[in-house]
Amino acid sequence: MAESARKDLQTATLARVENPPQDTSNLRVIALSVLLIFLLAVLWESSKAFARSNNYALNIVGGSVDLTFLNDSQLPHLGDIARALGEPAQRNGPPLYQDLAKSAVSTFQAAVFGFFIGGAIGFTLAVIFAHSELLQRGFLPYVVASQTVPILAIAPMIVIWLSRAGHTDLSVPFIAAYLTFFPVTIYTLRGLTSVPETALELMQSYAATRREILFKLRIPNALPQIFTALKISATASVVGAIIGELPSGIQTGLGVAILNFSRYYNQSPPRLWATILVSGLVGILFFSLIALVERLVVTWRVPGNE
Amino acid sequence: MSETITVENVTKRFRGNDGITVHALDNINLTVKKGEFISLIGPSGCGKSTLLRVIANLIEPTSGTVLVNNKPAAQARKDREYGFVFQNATLYDWRTVIKNVELPLEIMNYPKTVRERRAREMLRMVELGDFENKYPWQLSGGMQQRVSIARALAFEPNILLMDEPFGALDEMTRERMNNELLRIWGTIGNMTVLFVTHSIAEAVYLSTRIVVMSPRPGRIAEIIDVNLPQPRGLETRDMEEYFHLTSRVRHALREGVGGS
């Protein structure tokens with residue numbers, strides 16, 4: 001008895017020795033990220049320096065390339081952007097980074113709200129479509145079509161409708177949800193229906209109900225796909241929230257800041273860039289949060305993902 | 001009545017997407033008594049897996065009837081009268097080994113403590129007691145199949161339906177698993193096993209009766225009684241009768257393909 005157990009342990013251990021997991025320790029990942037940021041900064045400043053020393057024109061075979069986009073007005077020095085963050089944007093106001101932090105929180109809150117609403121809608125739609133081919137055939141095209149209409153065109157309409165209904169405060173989350181639900185629907189549907197045949201037959205051999213099959217087979221099977229969608233939706237919800245702020249008339253938010261600083265760009269170009277950087281950071285933060293949750297939830301190895 | 005499975009005049013035709021009809025099973029008649037170990041053997045396309053699934057009520061026959069434990073196959077499935085083992089272990093990746101074994105018990109509403117106890121017992125029976133908290137991908141193919149067998153027996157059915165369970169394993173592991181299976185079959189008395197296989201040696205070694213099938217359309221070519229002494233063991237494979245039987249099966253297979 002013990003002999004066969006020992007043999008099993010040997011086999012299992014051998015399997016792991018012959019296929020060692022990749023060495024992607026957290027330290028390495030962080031080091032790589034820092035290196036990439038550093039390289040980007042070097043690229044930024046050196047291309048500016050290069051352009052300036054060539055009078056913002058590059059002479060190559062066939063003509064000259066206009067490099068004015070690299071001048072200090074259109075692409076400020078990184079140092080100038082950093083300085084702008086430390087100075088107030090309004091007379092006697094707080095430093096820009098505080099303003100942007102507040103705006104970021106406001107935008108992030110709306111994005112998260114929209115993310116959960118959109119995620120719930122997307123998930124529900126996927127479950128419905130997974131169980132009814134008829135409904136899927138009928139409605140999926142409209143779901144797809146909803147995303148092809150440019151959000152910049154729809155956003156003002158949504159703001160008007162919601163303010164008529166007395167819910168202007170919901171317009172930004174609503175627009176975030178609008179961009180969120182689609183990836184969740186598509187990927188979840190894929191995950192729910194991509195169940196191996198024998199896994200389904202196994203459930204049928206137990207005379208399992210459709211509900212049991214959904215909760216014990218389809219949904220766990222779909223989790224890796226769902227998280228892929230949620231990561232996409234995380235960034236999409238931030239974009240949606242920023243865009244949604246533009247027509248909504250609200251006072252605080254990254255979209256509002258972008259609007260202001262682009263309107264008054266020439267007063268201080270670095271401010272807009274600072275806002276763009278902060279927006280990117282919010283997106284990255286949200287994405288990383290979802291990726292963290294994924295690592296806690298999806299504890300198993302997915303075939304093809306190892 | 002000691003007839004556990006009765007297959008009467010079962011025919012199955014599949015209509016493919018291209019409009020071509022596949023005649024998977026043609027007028028199959030088979031009776032299985034309680035406690036028998038029946039192998040279904042035949043070349044690809046002979047319908048053996050289809051027949052197994054018709055008996056399991058995972059596929060409806062085009063015509064004919066199937067009785068399992070004196071009930072229609074559909075009722076037997078609803079009453080969970082059998083356990084099914086697939087060629088790939090079909091363990092759920094997101095569940096640990098012990099949770100995989102508990103799956104049917106959850107669906108059949110066993111209370112939690114009973115579930116855990118049963119699952120642990122079954123894992124001990126297949127000698128994987130130390131692996132209960134591992135995940136399927138941490139186990140070798142043979143170990144995964146043992147978990148699959150443990151799961152199939154967790155709710156104590158008296159019929160085991162197996163679809164080429166050891167087909168994906170190497171020869172040595174397969175022989176080990178054959179002995180494991182016979183040991184389990186011997187321990188649990190009165191268990192009826194229907195075993196689909198490609199391997200003549202396996203069929204002769206394991207079974208009390210062998211059903212040789214022929215393809216296009218799927219038919220039973222011959223049924224061969226295996227009178228080798230029980231329990232089977234290493235010495236069985238050295239017996240003359242073993243050799244005769246493998247030859248008989250081989251001939252029946254060849255005739256099934258060549259003739260008809």
# chains A, B, ... in the order shown; residues from 1 in each chain; ligands from 1

$ select_by_dssp --residues "stretch 42-127 of chain A" --states "alpha helix (DSSP H)" --output "mmCIF file with C-alpha atoms, in the first residue's frame"
data_model
loop_
_atom_site.group_PDB
_atom_site.id
_atom_site.type_symbol
_atom_site.label_atom_id
_atom_site.label_comp_id
_atom_site.auth_asym_id
_atom_site.auth_seq_id
_atom_site.Cartn_x
_atom_site.Cartn_y
_atom_site.Cartn_z
ATOM 1 C CA VAL A 42 15.100 58.539 -21.424
ATOM 2 C CA LEU A 43 13.357 58.185 -24.775
ATOM 3 C CA TRP A 44 11.136 61.178 -24.017
ATOM 4 C CA GLU A 45 13.928 63.546 -23.134
ATOM 5 C CA SER A 46 16.448 62.342 -25.654
ATOM 6 C CA SER A 47 14.077 62.632 -28.604
ATOM 7 C CA LYS A 48 13.257 66.162 -27.470
ATOM 8 C CA ALA A 49 16.949 66.956 -27.253
ATOM 9 C CA PHE A 50 17.574 65.461 -30.650
ATOM 10 C CA ALA A 51 14.738 67.426 -32.229
ATOM 11 C CA ARG A 52 15.842 70.697 -30.665
ATOM 12 C CA SER A 53 19.392 70.292 -31.872
ATOM 13 C CA LEU A 78 9.226 65.752 -17.834
ATOM 14 C CA GLY A 79 10.729 68.134 -15.326
ATOM 15 C CA ASP A 80 8.199 70.796 -16.293
ATOM 16 C CA ILE A 81 5.347 68.356 -15.836
ATOM 17 C CA ALA A 82 6.659 67.455 -12.402
ATOM 18 C CA ARG A 83 6.959 71.106 -11.496
ATOM 19 C CA ALA A 84 3.427 71.828 -12.679
ATOM 20 C CA LEU A 85 2.153 69.172 -10.356
ATOM 21 C CA GLY A 86 3.647 70.997 -7.429
ATOM 22 C CA LEU A 96 -2.110 70.674 -8.897
ATOM 23 C CA TYR A 97 -1.436 67.193 -7.568
ATOM 24 C CA GLN A 98 -4.002 67.690 -4.821
ATOM 25 C CA ASP A 99 -6.581 68.906 -7.307
ATOM 26 C CA LEU A 100 -5.874 65.987 -9.582
ATOM 27 C CA ALA A 101 -6.045 63.558 -6.677
ATOM 28 C CA LYS A 102 -9.499 64.811 -5.823
ATOM 29 C CA SER A 103 -10.556 64.616 -9.448
ATOM 30 C CA ALA A 104 -9.094 61.152 -9.739
ATOM 31 C CA VAL A 105 -11.078 59.937 -6.743
ATOM 32 C CA SER A 106 -14.270 61.377 -8.169
ATOM 33 C CA THR A 107 -13.717 59.806 -11.559
ATOM 34 C CA PHE A 108 -12.612 56.521 -10.024
ATOM 35 C CA GLN A 109 -15.724 56.302 -7.884
ATOM 36 C CA ALA A 110 -17.954 56.795 -10.890
ATOM 37 C CA ALA A 111 -15.907 54.293 -12.875
ATOM 38 C CA VAL A 112 -16.174 51.650 -10.145
ATOM 39 C CA PHE A 113 -19.910 52.233 -9.812
ATOM 40 C CA GLY A 114 -20.335 51.882 -13.575
ATOM 41 C CA PHE A 115 -18.027 48.866 -13.575
ATOM 42 C CA PHE A 116 -20.209 46.950 -11.146
ATOM 43 C CA ILE A 117 -23.447 47.881 -12.875
ATOM 44 C CA GLY A 118 -22.037 47.094 -16.315
ATOM 45 C CA GLY A 119 -20.490 43.881 -15.043
ATOM 46 C CA ALA A 120 -23.774 42.730 -13.539
ATOM 47 C CA ILE A 121 -25.688 43.524 -16.719
ATOM 48 C CA GLY A 122 -23.067 41.862 -18.902
ATOM 49 C CA PHE A 123 -23.043 38.754 -16.738
ATOM 50 C CA THR A 124 -26.820 38.474 -16.676
ATOM 51 C CA LEU A 125 -27.043 38.863 -20.434
ATOM 52 C CA ALA A 126 -24.411 36.165 -20.904
ATOM 53 C CA VAL A 127 -26.291 33.735 -18.659
#

$ residues_around --residues "B:Ile210" --least-positions-apart "3" --cutoff "6 Å" --atoms "only C-alpha atoms" --output "PyMOL selection string"
chain B and resi 38-39+223-224

$ write_last_selection --atoms "C-alpha atoms" --output "PDB file, in the first residue's frame"
ATOM      1  CA  ILE B  38     -18.660  -6.966 -19.846  1.00  0.00           C
ATOM      2  CA  SER B  39     -16.193  -5.505 -22.313  1.00  0.00           C
ATOM      3  CA  ILE B 223     -20.251 -12.551 -27.762  1.00  0.00           C
ATOM      4  CA  ILE B 224     -17.457 -14.532 -26.127  1.00  0.00           C
TER       5      ILE B 224
END

$ closest_atom_pairs --of "chain B" --to "chain A" --cutoff "10 Å" --atoms "only C-alpha atoms" --output "Markdown table"
| residue | atom | partner | partner_atom | distance |
| --- | --- | --- | --- | --- |
| B:Arg53 | CA | A:Glu201 | CA | 9.3 |
| B:Ala56 | CA | A:Ser205 | CA | 7.2 |
| B:Asn57 | CA | A:Ser205 | CA | 8.0 |
| B:Leu58 | CA | A:Glu201 | CA | 6.9 |
| B:Ile59 | CA | A:Glu201 | CA | 9.8 |
| B:Ala74 | CA | A:Ala207 | CA | 9.5 |
| B:Gln75 | CA | A:Ala207 | CA | 9.7 |
| B:Ala76 | CA | A:Ala207 | CA | 9.7 |
| B:Arg77 | CA | A:Ser205 | CA | 6.2 |
| B:Lys78 | CA | A:Ala207 | CA | 5.2 |
| B:Asp79 | CA | A:Ala207 | CA | 7.9 |
| B:Arg80 | CA | A:Tyr206 | CA | 6.0 |
| B:Glu81 | CA | A:Tyr206 | CA | 9.2 |
| B:Tyr82 | CA | A:Ser205 | CA | 8.0 |
| B:Gly83 | CA | A:Ser205 | CA | 7.5 |
| B:Phe84 | CA | A:Ser205 | CA | 7.0 |
| B:Val85 | CA | A:Leu202 | CA | 8.4 |
| B:Phe86 | CA | A:Thr198 | CA | 7.1 |
| B:Gln87 | CA | A:Thr198 | CA | 8.9 |
| B:Asn88 | CA | A:Thr198 | CA | 8.2 |
| B:Ala89 | CA | A:Thr198 | CA | 9.1 |
| B:Thr90 | CA | A:Ala199 | CA | 5.8 |
| B:Leu91 | CA | A:Ala199 | CA | 7.8 |
| B:Tyr92 | CA | A:Ala199 | CA | 7.8 |
| B:Asp93 | CA | A:Trp300 | CA | 6.2 |
| B:Trp94 | CA | A:Trp300 | CA | 5.5 |
| B:Arg95 | CA | A:Trp300 | CA | 8.2 |
| B:Thr96 | CA | A:Trp300 | CA | 9.2 |
| B:Leu103 | CA | A:Lys216 | CA | 8.5 |
| B:Pro104 | CA | A:Tyr206 | CA | 6.4 |
| B:Leu105 | CA | A:Tyr206 | CA | 9.4 |
| B:Glu106 | CA | A:Glu212 | CA | 9.8 |
| B:Ile107 | CA | A:Ala208 | CA | 6.6 |
| B:Met108 | CA | A:Tyr206 | CA | 8.0 |
| B:Glu127 | CA | A:Ala5 | CA | 6.7 |
| B:Leu128 | CA | A:Ala5 | CA | 7.1 |
| B:Gly129 | CA | A:Ala5 | CA | 8.8 |
| B:Asp130 | CA | A:Ala5 | CA | 8.1 |
| B:Phe131 | CA | A:Leu9 | CA | 9.1 |
| B:Tyr135 | CA | A:Trp300 | CA | 7.3 |
| B:Pro136 | CA | A:Trp300 | CA | 9.0 |
| B:Trp137 | CA | A:Arg301 | CA | 7.1 |
| B:Gln138 | CA | A:Ala12 | CA | 6.4 |
| B:Leu139 | CA | A:Ala12 | CA | 5.6 |
| B:Ser140 | CA | A:Ala12 | CA | 5.9 |
| B:Gly141 | CA | A:Ala12 | CA | 9.6 |
| B:Gly142 | CA | A:Asp8 | CA | 9.0 |
| B:Met143 | CA | A:Asp8 | CA | 7.4 |
| B:Ala152 | CA | A:Leu202 | CA | 9.6 |

$ write_last_selection --atoms "N, CA and C atoms" --output "CSV table (one decimal), in the first residue's frame"
chain,number,residue,atom,x,y,z
B,53,ARG,N,-23.4,5.1,-24.2
B,53,ARG,CA,-24.1,6.3,-23.9
B,53,ARG,C,-25.7,6.2,-24.0
B,56,ALA,N,-26.6,4.6,-20.9
B,56,ALA,CA,-26.6,5.7,-19.8
B,56,ALA,C,-27.6,6.7,-20.0
B,57,ASN,N,-28.4,6.7,-21.1
B,57,ASN,CA,-29.4,7.7,-21.3
B,57,ASN,C,-28.8,9.0,-21.5
B,58,LEU,N,-27.5,9.1,-22.0
B,58,LEU,CA,-26.9,10.3,-22.4
B,58,LEU,C,-27.3,10.6,-23.9
B,59,ILE,N,-27.6,9.6,-24.6
B,59,ILE,CA,-28.1,9.7,-26.0
B,59,ILE,C,-29.4,8.9,-26.0
B,74,ALA,N,-33.9,6.2,-18.9
B,74,ALA,CA,-34.1,7.6,-18.5
B,74,ALA,C,-34.3,7.6,-17.0
B,75,GLN,N,-35.2,6.7,-16.5
B,75,GLN,CA,-35.5,6.7,-15.1
B,75,GLN,C,-34.2,6.3,-14.3
B,76,ALA,N,-33.5,5.3,-14.8
B,76,ALA,CA,-32.3,4.8,-14.1
B,76,ALA,C,-31.3,6.0,-14.0
B,77,ARG,N,-31.2,6.8,-15.0
B,77,ARG,CA,-30.3,8.0,-14.9
B,77,ARG,C,-30.8,8.9,-13.8
B,78,LYS,N,-32.1,9.2,-13.8
B,78,LYS,CA,-32.7,10.1,-12.8
B,78,LYS,C,-32.5,9.6,-11.4
B,79,ASP,N,-32.5,8.2,-11.3
B,79,ASP,CA,-32.3,7.6,-10.0
B,79,ASP,C,-30.9,7.4,-9.7
B,80,ARG,N,-30.0,7.8,-10.6
B,80,ARG,CA,-28.5,7.7,-10.3
B,80,ARG,C,-28.1,6.3,-10.0
B,81,GLU,N,-28.5,5.4,-11.0
B,81,GLU,CA,-28.2,4.0,-10.7
B,81,GLU,C,-26.8,3.6,-11.2
B,82,TYR,N,-26.1,4.4,-11.9
B,82,TYR,CA,-24.8,4.0,-12.4
B,82,TYR,C,-23.8,5.2,-12.2
B,83,GLY,N,-22.5,4.8,-12.2
B,83,GLY,CA,-21.5,5.8,-12.3
B,83,GLY,C,-20.8,5.7,-13.6
B,84,PHE,N,-20.3,6.8,-14.2
B,84,PHE,CA,-19.8,6.9,-15.5
B,84,PHE,C,-18.3,7.3,-15.4
B,85,VAL,N,-17.4,6.6,-16.1
B,85,VAL,CA,-16.0,7.0,-16.1
B,85,VAL,C,-15.6,7.3,-17.6
B,86,PHE,N,-15.1,8.5,-17.8
B,86,PHE,CA,-14.8,8.9,-19.2
B,86,PHE,C,-13.3,8.6,-19.5
B,87,GLN,N,-13.0,8.7,-20.8
B,87,GLN,CA,-11.6,8.4,-21.2
B,87,GLN,C,-10.7,9.5,-20.6
B,88,ASN,N,-11.0,10.8,-20.8
B,88,ASN,CA,-10.2,11.7,-20.0
B,88,ASN,C,-10.9,11.9,-18.7
B,89,ALA,N,-10.1,12.0,-17.6
B,89,ALA,CA,-10.7,11.9,-16.3
B,89,ALA,C,-11.8,12.9,-16.0
B,90,THR,N,-11.9,13.9,-16.8
B,90,THR,CA,-13.0,14.9,-16.6
B,90,THR,C,-13.1,15.3,-15.1
B,91,LEU,N,-12.0,15.6,-14.5
B,91,LEU,CA,-12.1,16.2,-13.2
B,91,LEU,C,-12.2,17.7,-13.4
B,92,TYR,N,-12.8,18.4,-12.5
B,92,TYR,CA,-13.0,19.9,-12.6
B,92,TYR,C,-11.8,20.6,-12.0
B,93,ASP,N,-11.1,21.3,-12.9
B,93,ASP,CA,-9.8,22.0,-12.5
B,93,ASP,C,-9.9,22.8,-11.3
B,94,TRP,N,-11.1,23.4,-11.0
B,94,TRP,CA,-11.2,24.4,-10.0
B,94,TRP,C,-11.5,23.8,-8.6
B,95,ARG,N,-11.7,22.4,-8.6
B,95,ARG,CA,-11.9,21.7,-7.4
B,95,ARG,C,-10.7,20.9,-7.0
B,96,THR,N,-10.5,20.8,-5.7
B,96,THR,CA,-9.4,19.9,-5.2
B,96,THR,C,-9.9,18.4,-5.5
B,103,LEU,N,-18.4,15.9,-5.7
B,103,LEU,CA,-19.4,16.5,-6.6
B,103,LEU,C,-20.7,15.8,-6.7
B,104,PRO,N,-20.7,14.5,-7.1
B,104,PRO,CA,-22.0,13.8,-7.2
B,104,PRO,C,-22.8,13.8,-5.9
B,105,LEU,N,-22.1,13.8,-4.7
B,105,LEU,CA,-22.7,13.7,-3.4
B,105,LEU,C,-23.4,15.1,-3.1
B,106,GLU,N,-22.8,16.2,-3.6
B,106,GLU,CA,-23.4,17.5,-3.5
B,106,GLU,C,-24.7,17.5,-4.2
B,107,ILE,N,-24.6,17.1,-5.5
B,107,ILE,CA,-25.8,17.1,-6.3
B,107,ILE,C,-26.9,16.2,-5.7
B,108,MET,N,-26.5,15.1,-5.1
B,108,MET,CA,-27.5,14.2,-4.5
B,108,MET,C,-27.9,14.6,-3.1
B,127,GLU,N,-6.4,4.4,-3.0
B,127,GLU,CA,-5.0,4.6,-2.6
B,127,GLU,C,-4.5,6.0,-2.9
B,128,LEU,N,-5.4,7.0,-2.8
B,128,LEU,CA,-5.0,8.4,-3.0
B,128,LEU,C,-5.3,9.2,-1.8
B,129,GLY,N,-5.4,8.6,-0.6
B,129,GLY,CA,-5.8,9.3,0.6
B,129,GLY,C,-4.9,10.5,0.9
B,130,ASP,N,-3.6,10.5,0.5
B,130,ASP,CA,-2.8,11.6,0.8
B,130,ASP,C,-2.9,12.8,-0.1
B,131,PHE,N,-3.7,12.6,-1.2
B,131,PHE,CA,-3.7,13.7,-2.2
B,131,PHE,C,-5.0,14.5,-2.2
B,135,TYR,N,-4.7,19.6,-6.5
B,135,TYR,CA,-5.5,19.9,-7.7
B,135,TYR,C,-5.3,18.9,-8.8
B,136,PRO,N,-6.2,18.7,-9.7
B,136,PRO,CA,-6.1,17.7,-10.7
B,136,PRO,C,-4.8,17.8,-11.5
B,137,TRP,N,-4.4,19.1,-11.8
B,137,TRP,CA,-3.2,19.2,-12.6
B,137,TRP,C,-1.9,18.8,-11.9
B,138,GLN,N,-2.0,18.6,-10.6
B,138,GLN,CA,-0.8,18.1,-9.9
B,138,GLN,C,-0.7,16.6,-9.8
B,139,LEU,N,-1.6,16.0,-10.5
B,139,LEU,CA,-1.7,14.5,-10.5
B,139,LEU,C,-1.3,13.9,-11.8
B,140,SER,N,-0.7,12.7,-11.9
B,140,SER,CA,-0.5,12.1,-13.2
B,140,SER,C,-1.8,11.6,-13.7
B,141,GLY,N,-1.7,11.1,-15.0
B,141,GLY,CA,-2.9,10.7,-15.7
B,141,GLY,C,-3.6,9.5,-15.0
B,142,GLY,N,-2.7,8.6,-14.6
B,142,GLY,CA,-3.3,7.4,-13.9
B,142,GLY,C,-4.0,7.8,-12.6
B,143,MET,N,-3.3,8.7,-11.9
B,143,MET,CA,-3.9,9.1,-10.6
B,143,MET,C,-5.2,9.9,-10.8
B,152,ALA,N,-16.9,8.1,-9.3
B,152,ALA,CA,-18.0,7.3,-9.9
B,152,ALA,C,-18.6,6.4,-8.9
